[in-house]
>>> print(open('input_9.cif').read())   # mmCIF, C-alpha atoms
data_entry
loop_
_atom_site.group_PDB
_atom_site.id
_atom_site.type_symbol
_atom_site.label_atom_id
_atom_site.label_comp_id
_atom_site.auth_asym_id
_atom_site.auth_seq_id
_atom_site.Cartn_x
_atom_site.Cartn_y
_atom_site.Cartn_z
ATOM 1 C CA MET A 15 80.562 53.644 32.064
ATOM 2 C CA ARG A 16 82.010 54.907 28.788
ATOM 3 C CA ARG A 17 79.832 55.174 25.735
ATOM 4 C CA GLY A 18 80.082 52.193 23.398
ATOM 5 C CA GLN A 19 81.538 49.979 26.117
ATOM 6 C CA LYS A 20 79.918 46.541 26.323
ATOM 7 C CA THR A 21 78.209 45.789 29.626
ATOM 8 C CA SER A 22 78.060 42.204 30.849
ATOM 9 C CA ALA A 23 74.777 40.601 31.856
ATOM 10 C CA GLU A 24 75.894 40.525 35.486
ATOM 11 C CA GLN A 25 76.658 44.252 35.466
ATOM 12 C CA VAL A 26 73.282 44.983 33.890
ATOM 13 C CA VAL A 27 71.399 43.050 36.578
ATOM 14 C CA LEU A 28 73.391 44.735 39.363
ATOM 15 C CA LYS A 29 72.734 48.201 37.935
ATOM 16 C CA LEU A 30 69.019 47.422 37.580
ATOM 17 C CA ARG A 31 68.896 46.311 41.210
ATOM 18 C CA GLN A 32 70.733 49.461 42.290
ATOM 19 C CA ILE A 33 68.265 51.679 40.419
ATOM 20 C CA GLU A 34 65.263 49.762 41.771
ATOM 21 C CA VAL A 35 66.488 50.267 45.354
ATOM 22 C CA GLN A 36 67.043 53.966 44.775
ATOM 23 C CA THR A 37 63.631 54.502 43.171
ATOM 24 C CA ALA A 38 62.012 52.597 46.059
ATOM 25 C CA GLN A 39 63.657 55.155 48.362
ATOM 26 C CA ALA A 40 61.755 57.908 46.493
ATOM 27 C CA LYS A 41 64.657 58.959 44.288
ATOM 28 C CA ARG A 42 63.716 60.097 40.791
ATOM 29 C CA LEU A 43 64.509 57.642 38.010
ATOM 30 C CA ALA A 44 66.555 60.189 36.059
ATOM 31 C CA LEU A 45 68.792 60.823 39.067
ATOM 32 C CA ALA A 46 69.157 57.108 39.852
ATOM 33 C CA CYS A 47 70.149 56.405 36.233
ATOM 34 C CA LYS A 48 72.657 59.251 36.298
ATOM 35 C CA GLU A 49 74.284 57.873 39.449
ATOM 36 C CA ALA A 50 74.433 54.411 37.815
ATOM 37 C CA GLU A 51 76.080 56.102 34.797
ATOM 38 C CA ILE A 52 73.492 54.927 32.260
ATOM 39 C CA SER A 53 70.787 56.656 30.261
ATOM 40 C CA GLU A 54 67.101 56.199 30.944
ATOM 41 C CA GLN A 55 66.744 54.539 27.540
ATOM 42 C CA SER A 56 69.337 51.946 28.540
ATOM 43 C CA TYR A 57 67.495 51.382 31.804
ATOM 44 C CA TYR A 58 64.188 50.697 30.036
ATOM 45 C CA ARG A 59 65.853 48.470 27.403
ATOM 46 C CA TRP A 60 67.731 46.508 30.059
ATOM 47 C CA ARG A 61 64.655 46.204 32.258
ATOM 48 C CA LYS A 62 62.703 44.789 29.312
ATOM 49 C CA GLU A 63 65.413 42.233 28.579
ATOM 50 C CA HIS A 64 66.759 41.410 32.055
ATOM 51 C CA GLY A 65 63.961 42.436 34.412
ATOM 52 C CA GLY A 66 63.423 39.956 37.242
ATOM 53 C CA LEU A 67 66.589 37.939 36.609
ATOM 54 C CA GLN A 68 69.217 37.052 39.158
ATOM 55 C CA VAL A 69 72.891 37.519 38.307
ATOM 56 C CA ASP A 70 73.533 33.807 37.672
ATOM 57 C CA GLN A 71 70.387 33.528 35.536
ATOM 58 C CA ALA A 72 71.487 36.481 33.411
ATOM 59 C CA ARG A 73 74.909 34.871 32.924
ATOM 60 C CA LYS A 74 73.329 31.580 31.843
ATOM 61 C CA MET A 75 70.950 33.384 29.491
ATOM 62 C CA LYS A 76 73.806 35.214 27.738
ATOM 63 C CA ASP A 77 75.802 31.993 27.432
ATOM 64 C CA LEU A 78 72.807 30.212 25.919
ATOM 65 C CA GLU A 79 72.178 33.069 23.467
ATOM 66 C CA ARG A 80 75.817 33.006 22.377
ATOM 67 C CA GLU A 81 75.757 29.215 21.918
ATOM 68 C CA ASN A 82 72.452 29.399 20.037
ATOM 69 C CA ALA A 83 73.836 32.003 17.616
ATOM 70 C CA ARG A 84 76.965 29.905 17.044
ATOM 71 C CA LEU A 85 74.917 26.784 16.315
ATOM 72 C CA ARG A 86 72.601 28.693 13.960
ATOM 73 C CA ARG A 87 75.584 29.940 11.951
ATOM 74 C CA LEU A 88 77.046 26.438 11.851
ATOM 75 C CA VAL A 89 73.813 24.867 10.597
ATOM 76 C CA ALA A 90 73.330 27.602 8.000
ATOM 77 C CA ASP A 91 76.879 27.213 6.701
ATOM 78 C CA LEU A 92 76.550 23.434 6.486
ATOM 79 C CA SER A 93 73.164 23.462 4.777
ATOM 80 C CA LEU A 94 74.205 26.144 2.271
ATOM 81 C CA GLY A 95 77.471 24.380 1.539
ATOM 82 C CA GLU A 96 75.753 21.050 0.933
ATOM 83 C CA ALA A 97 73.091 22.666 -1.224
ATOM 84 C CA GLY A 98 75.682 24.294 -3.448
ATOM 85 C CA VAL A 99 77.918 21.271 -3.891
ATOM 86 C CA GLY A 100 75.106 18.774 -4.285
ATOM 87 C CA GLY A 101 77.364 15.951 -3.153
ATOM 88 C CA ARG A 102 79.711 16.099 -6.158
ATOM 89 C CA ARG A 103 82.652 18.162 -7.299
ATOM 90 C CA LEU A 104 82.349 20.090 -10.541
ATOM 91 C CA GLY A 105 85.941 21.274 -10.737
ATOM 92 C CA LYS A 106 87.383 24.647 -9.857
ATOM 93 C CA LEU A 107 85.344 27.742 -10.492
ATOM 94 C CA VAL A 108 88.221 30.031 -11.372
ATOM 95 C CA ALA A 109 86.835 32.142 -14.197
ATOM 96 C CA PRO A 110 84.114 34.680 -13.375
ATOM 97 C CA GLU A 111 81.928 33.338 -16.177
ATOM 98 C CA ARG A 112 82.026 29.811 -14.718
ATOM 99 C CA ARG A 113 81.093 31.228 -11.325
ATOM 100 C CA ARG A 114 78.222 33.169 -12.917
ATOM 101 C CA GLN A 115 76.943 29.935 -14.421
ATOM 102 C CA ALA A 116 77.321 28.144 -11.089
ATOM 103 C CA VAL A 117 75.419 30.875 -9.250
ATOM 104 C CA ASP A 118 72.610 30.744 -11.819
ATOM 105 C CA ALA A 119 72.434 26.958 -11.531
ATOM 106 C CA ILE A 120 72.330 27.070 -7.739
ATOM 107 C CA GLN A 121 69.569 29.693 -7.822
ATOM 108 C CA GLU A 122 67.449 27.664 -10.239
ATOM 109 C CA LYS A 123 67.958 24.278 -8.633
ATOM 110 C CA TYR A 124 67.554 25.250 -4.965
ATOM 111 C CA GLY A 125 65.482 28.432 -5.209
ATOM 112 C CA LEU A 126 68.031 30.458 -3.275
ATOM 113 C CA SER A 127 68.510 34.191 -3.461
ATOM 114 C CA GLU A 128 71.352 35.656 -5.488
ATOM 115 C CA ARG A 129 73.062 36.676 -2.268
ATOM 116 C CA HIS A 130 73.139 33.137 -0.850
ATOM 117 C CA ALA A 131 74.062 31.545 -4.176
ATOM 118 C CA CYS A 132 76.961 34.001 -4.594
ATOM 119 C CA ARG A 133 78.186 33.228 -1.083
ATOM 120 C CA ILE A 134 78.199 29.501 -1.837
ATOM 121 C CA ALA A 135 80.048 29.898 -5.155
ATOM 122 C CA GLY A 136 82.483 32.473 -3.760
ATOM 123 C CA GLN A 137 81.347 35.070 -6.271
ATOM 124 C CA HIS A 138 81.026 38.800 -5.547
ATOM 125 C CA ARG A 139 77.545 40.047 -6.353
ATOM 126 C CA GLY A 140 78.943 42.900 -8.421
ATOM 127 C CA THR A 141 80.867 40.428 -10.550
ATOM 128 C CA GLN A 142 77.728 38.309 -10.856
ATOM 129 C CA ARG A 143 75.756 41.236 -12.289
ATOM 130 C CA TYR A 144 78.526 42.442 -14.592
ATOM 131 C CA MET A 145 77.748 42.047 -18.265
ATOM 132 C CA PRO A 146 81.018 41.577 -20.177
ATOM 133 C CA THR A 147 81.339 43.662 -23.319
ATOM 134 C CA LEU A 148 83.303 42.402 -26.288
ATOM 135 C CA PRO A 149 85.261 44.820 -28.465
ATOM 136 C CA ALA A 150 83.799 45.341 -31.963
ATOM 137 C CA ASP A 151 86.787 43.695 -33.684
ATOM 138 C CA GLU A 152 86.432 40.386 -31.758
ATOM 139 C CA ASP A 153 83.922 37.662 -32.434
ATOM 140 C CA GLY A 154 81.965 36.461 -29.464
#
>>> encode(input="input_9.cif", output="structure tokens")
Amino acid sequence: MRRGQKTSAEQVVLKLRQIEVQTAQAKRLALACKEAEISEQSYYRWRKEHGGLQVDQARKMKDLERENARLRRLVADLSLGEAGVGGRRLGKLVAPERRRQAVDAIQEKYGLSERHACRIAGQHRGTQRYMPTLPADEDG
């Protein structure tokens, strides 16, 4: 197995089973891990996460985790989007100063962090923190 290559849940369970059989036959864990082409750290991490699972159970678990993460992102995007809009349109936020004002309003009204408020308004955080300076010859 090449370093950095993603291992599927089924492969993990099969490798754990292989190592368990070899260690039951009095083979040292380090040697069994080497033959399975994984490190001992990976073995312990995988055993903690997948220990005692069958191949089909591991597959279902990974599918459920993936679906759960997708649904979490969806709910977060919807709730943040609704919080920022508030059910009405305020026009385009084209100018950075208007976006700054929108971010400040979102933060005050909904108690969100600057990061979340900037994401809702489509404002970069660096632009949000920028303090515009006016030249001395212009009135502000």
>>> closest_residue(input="input_9.cif", among="A:Ala109, A:Ala135, A:Val69, A:Ala119", to="Leu30 in chain A", atoms="all atoms listed in the file")
A:Val69
>>> residues_around(input="input_9.cif", residues="Glu111 in chain A", least_positions_apart="4", cutoff="10 Å", atoms="all atoms listed in the file", output="PDB file with C-alpha atoms, keeping the file's coordinate frame")
ATOM      1  CA  LEU A 107      85.344  27.742 -10.492  1.00  0.00           C
ATOM      2  CA  GLN A 115      76.943  29.935 -14.421  1.00  0.00           C
ATOM      3  CA  ALA A 116      77.321  28.144 -11.089  1.00  0.00           C
ATOM      4  CA  VAL A 117      75.419  30.875  -9.250  1.00  0.00           C
ATOM      5  CA  THR A 141      80.867  40.428 -10.550  1.00  0.00           C
ATOM      6  CA  GLN A 142      77.728  38.309 -10.856  1.00  0.00           C
ATOM      7  CA  TYR A 144      78.526  42.442 -14.592  1.00  0.00           C
ATOM      8  CA  MET A 145      77.748  42.047 -18.265  1.00  0.00           C
ATOM      9  CA  PRO A 146      81.018  41.577 -20.177  1.00  0.00           C
TER      10      PRO A 146
END
>>> closest_residue(input="input_9.cif", among="A:Ala44, A:Cys132, A:Val27, A:Ala90", to="Trp60 in chain A", atoms="all atoms listed in the file")
A:Val27
>>> residues_around(input="input_9.cif", residues="Gln121 in chain A", least_positions_apart="2", cutoff="12 Å", atoms="all atoms listed in the file", output="PyMOL selection string")
chain A and resi 94+97-98+114-119+123-135
>>> atom_distance(input="input_9.cif", atom1="CA of Tyr58 in chain A", atom2="CA of Val35 in chain A")
15.5 Å
>>> closest_residue(input="input_9.cif", among="A:His64, A:Arg112, A:Lys29, A:Arg59", to="Cys47 in chain A", atoms="all atoms listed in the file")
A:Lys29
>>> closest_residue(input="input_9.cif", among="A:Glu34, A:Glu54, A:Asp151, A:Glu24", to="Arg73 in chain A", atoms="only C-alpha atoms")
A:Glu24
>>> atom_distance(input="input_9.cif", atom1="CA of Lys62 in chain A", atom2="CA of Ala23 in chain A")
13.0 Å
>>> atom_distance(input="input_9.cif", atom1="CA of Leu43 in chain A", atom2="CA of Met75 in chain A")
26.5 Å
>>> axis_aligned_box(input="input_9.cif", around="range 126-142 of chain A", padding_each_side="4 Å", output="JSON")
{"center_x": 75.3, "center_y": 36.2, "center_z": -5.9, "size_x": 22.5, "size_y": 21.4, "size_z": 18.0}
>>> decode(input="input_9.cif", residues="range 38-49 of chain A", atoms="all heavy atoms", output="PDB file, in the first residue's frame")
ATOM      1  N   ALA A  38      -2.324 -14.524  16.210  1.00  0.00           N
ATOM      2  CA  ALA A  38      -2.812 -15.706  16.925  1.00  0.00           C
ATOM      3  C   ALA A  38      -1.900 -16.905  16.671  1.00  0.00           C
ATOM      4  O   ALA A  38      -1.823 -17.824  17.492  1.00  0.00           O
ATOM      5  CB  ALA A  38      -4.236 -16.037  16.505  1.00  0.00           C
ATOM      6  N   GLN A  39      -1.192 -16.889  15.544  1.00  0.00           N
ATOM      7  CA  GLN A  39      -0.247 -17.950  15.212  1.00  0.00           C
ATOM      8  C   GLN A  39       1.148 -17.634  15.747  1.00  0.00           C
ATOM      9  O   GLN A  39       2.139 -18.140  15.239  1.00  0.00           O
ATOM     10  CB  GLN A  39      -0.193 -18.148  13.697  1.00  0.00           C
ATOM     11  CG  GLN A  39      -1.488 -18.617  13.104  1.00  0.00           C
ATOM     12  CD  GLN A  39      -1.471 -18.600  11.580  1.00  0.00           C
ATOM     13  OE1 GLN A  39      -0.564 -18.068  10.955  1.00  0.00           O
ATOM     14  NE2 GLN A  39      -2.506 -19.191  10.992  1.00  0.00           N
ATOM     15  N   ALA A  40       1.220 -16.760  16.750  1.00  0.00           N
ATOM     16  CA  ALA A  40       2.449 -16.409  17.459  1.00  0.00           C
ATOM     17  C   ALA A  40       3.423 -15.590  16.608  1.00  0.00           C
ATOM     18  O   ALA A  40       4.621 -15.598  16.857  1.00  0.00           O
ATOM     19  CB  ALA A  40       3.140 -17.649  18.020  1.00  0.00           C
ATOM     20  N   LYS A  41       2.924 -14.877  15.641  1.00  0.00           N
ATOM     21  CA  LYS A  41       3.774 -13.978  14.867  1.00  0.00           C
ATOM     22  C   LYS A  41       3.757 -12.618  15.556  1.00  0.00           C
ATOM     23  O   LYS A  41       2.718 -12.182  16.042  1.00  0.00           O
ATOM     24  CB  LYS A  41       3.256 -13.839  13.430  1.00  0.00           C
ATOM     25  CG  LYS A  41       4.230 -13.113  12.510  1.00  0.00           C
ATOM     26  CD  LYS A  41       3.738 -13.094  11.092  1.00  0.00           C
ATOM     27  CE  LYS A  41       4.130 -14.402  10.434  1.00  0.00           C
ATOM     28  NZ  LYS A  41       3.929 -14.388   8.978  1.00  0.00           N
ATOM     29  N   ARG A  42       4.905 -11.963  15.602  1.00  0.00           N
ATOM     30  CA  ARG A  42       4.987 -10.649  16.227  1.00  0.00           C
ATOM     31  C   ARG A  42       4.136  -9.646  15.447  1.00  0.00           C
ATOM     32  O   ARG A  42       4.028  -9.726  14.231  1.00  0.00           O
ATOM     33  CB  ARG A  42       6.430 -10.166  16.268  1.00  0.00           C
ATOM     34  CG  ARG A  42       7.267 -10.896  17.301  1.00  0.00           C
ATOM     35  CD  ARG A  42       8.622 -10.260  17.535  1.00  0.00           C
ATOM     36  NE  ARG A  42       8.874  -9.056  16.754  1.00  0.00           N
ATOM     37  CZ  ARG A  42       9.883  -8.907  15.896  1.00  0.00           C
ATOM     38  NH1 ARG A  42      10.717  -9.902  15.691  1.00  0.00           N
ATOM     39  NH2 ARG A  42      10.063  -7.766  15.264  1.00  0.00           N
ATOM     40  N   LEU A  43       3.579  -8.689  16.182  1.00  0.00           N
ATOM     41  CA  LEU A  43       2.702  -7.691  15.575  1.00  0.00           C
ATOM     42  C   LEU A  43       3.453  -6.860  14.533  1.00  0.00           C
ATOM     43  O   LEU A  43       2.913  -6.587  13.461  1.00  0.00           O
ATOM     44  CB  LEU A  43       2.107  -6.765  16.644  1.00  0.00           C
ATOM     45  CG  LEU A  43       1.189  -5.662  16.133  1.00  0.00           C
ATOM     46  CD1 LEU A  43      -0.054  -6.259  15.480  1.00  0.00           C
ATOM     47  CD2 LEU A  43       0.803  -4.732  17.253  1.00  0.00           C
ATOM     48  N   ALA A  44       4.676  -6.490  14.831  1.00  0.00           N
ATOM     49  CA  ALA A  44       5.453  -5.666  13.897  1.00  0.00           C
ATOM     50  C   ALA A  44       5.636  -6.395  12.567  1.00  0.00           C
ATOM     51  O   ALA A  44       5.495  -5.798  11.496  1.00  0.00           O
ATOM     52  CB  ALA A  44       6.802  -5.311  14.506  1.00  0.00           C
ATOM     53  N   LEU A  45       5.918  -7.686  12.621  1.00  0.00           N
ATOM     54  CA  LEU A  45       6.110  -8.464  11.407  1.00  0.00           C
ATOM     55  C   LEU A  45       4.787  -8.644  10.642  1.00  0.00           C
ATOM     56  O   LEU A  45       4.748  -8.541   9.417  1.00  0.00           O
ATOM     57  CB  LEU A  45       6.717  -9.827  11.749  1.00  0.00           C
ATOM     58  CG  LEU A  45       7.133 -10.703  10.580  1.00  0.00           C
ATOM     59  CD1 LEU A  45       8.179  -9.995   9.721  1.00  0.00           C
ATOM     60  CD2 LEU A  45       7.687 -12.021  11.090  1.00  0.00           C
ATOM     61  N   ALA A  46       3.712  -8.879  11.377  1.00  0.00           N
ATOM     62  CA  ALA A  46       2.399  -9.035  10.739  1.00  0.00           C
ATOM     63  C   ALA A  46       1.978  -7.736  10.047  1.00  0.00           C
ATOM     64  O   ALA A  46       1.444  -7.758   8.934  1.00  0.00           O
ATOM     65  CB  ALA A  46       1.355  -9.452  11.767  1.00  0.00           C
ATOM     66  N   CYS A  47       2.242  -6.603  10.684  1.00  0.00           N
ATOM     67  CA  CYS A  47       1.907  -5.307  10.081  1.00  0.00           C
ATOM     68  C   CYS A  47       2.757  -5.066   8.838  1.00  0.00           C
ATOM     69  O   CYS A  47       2.269  -4.541   7.831  1.00  0.00           O
ATOM     70  CB  CYS A  47       2.108  -4.166  11.076  1.00  0.00           C
ATOM     71  SG  CYS A  47       0.870  -4.128  12.379  1.00  0.00           S
ATOM     72  N   LYS A  48       4.019  -5.448   8.904  1.00  0.00           N
ATOM     73  CA  LYS A  48       4.906  -5.255   7.757  1.00  0.00           C
ATOM     74  C   LYS A  48       4.428  -6.082   6.572  1.00  0.00           C
ATOM     75  O   LYS A  48       4.433  -5.609   5.435  1.00  0.00           O
ATOM     76  CB  LYS A  48       6.337  -5.631   8.137  1.00  0.00           C
ATOM     77  CG  LYS A  48       7.347  -5.300   7.077  1.00  0.00           C
ATOM     78  CD  LYS A  48       8.757  -5.571   7.560  1.00  0.00           C
ATOM     79  CE  LYS A  48       9.760  -5.172   6.492  1.00  0.00           C
ATOM     80  NZ  LYS A  48      11.131  -5.366   6.945  1.00  0.00           N
ATOM     81  N   GLU A  49       4.012  -7.308   6.810  1.00  0.00           N
ATOM     82  CA  GLU A  49       3.511  -8.161   5.736  1.00  0.00           C
ATOM     83  C   GLU A  49       2.195  -7.618   5.161  1.00  0.00           C
ATOM     84  O   GLU A  49       1.918  -7.789   3.982  1.00  0.00           O
ATOM     85  CB  GLU A  49       3.315  -9.591   6.237  1.00  0.00           C
ATOM     86  CG  GLU A  49       4.613 -10.320   6.461  1.00  0.00           C
ATOM     87  CD  GLU A  49       4.408 -11.731   6.965  1.00  0.00           C
ATOM     88  OE1 GLU A  49       3.250 -12.186   7.053  1.00  0.00           O
ATOM     89  OE2 GLU A  49       5.421 -12.384   7.271  1.00  0.00           O
TER      90      GLU A  49
END
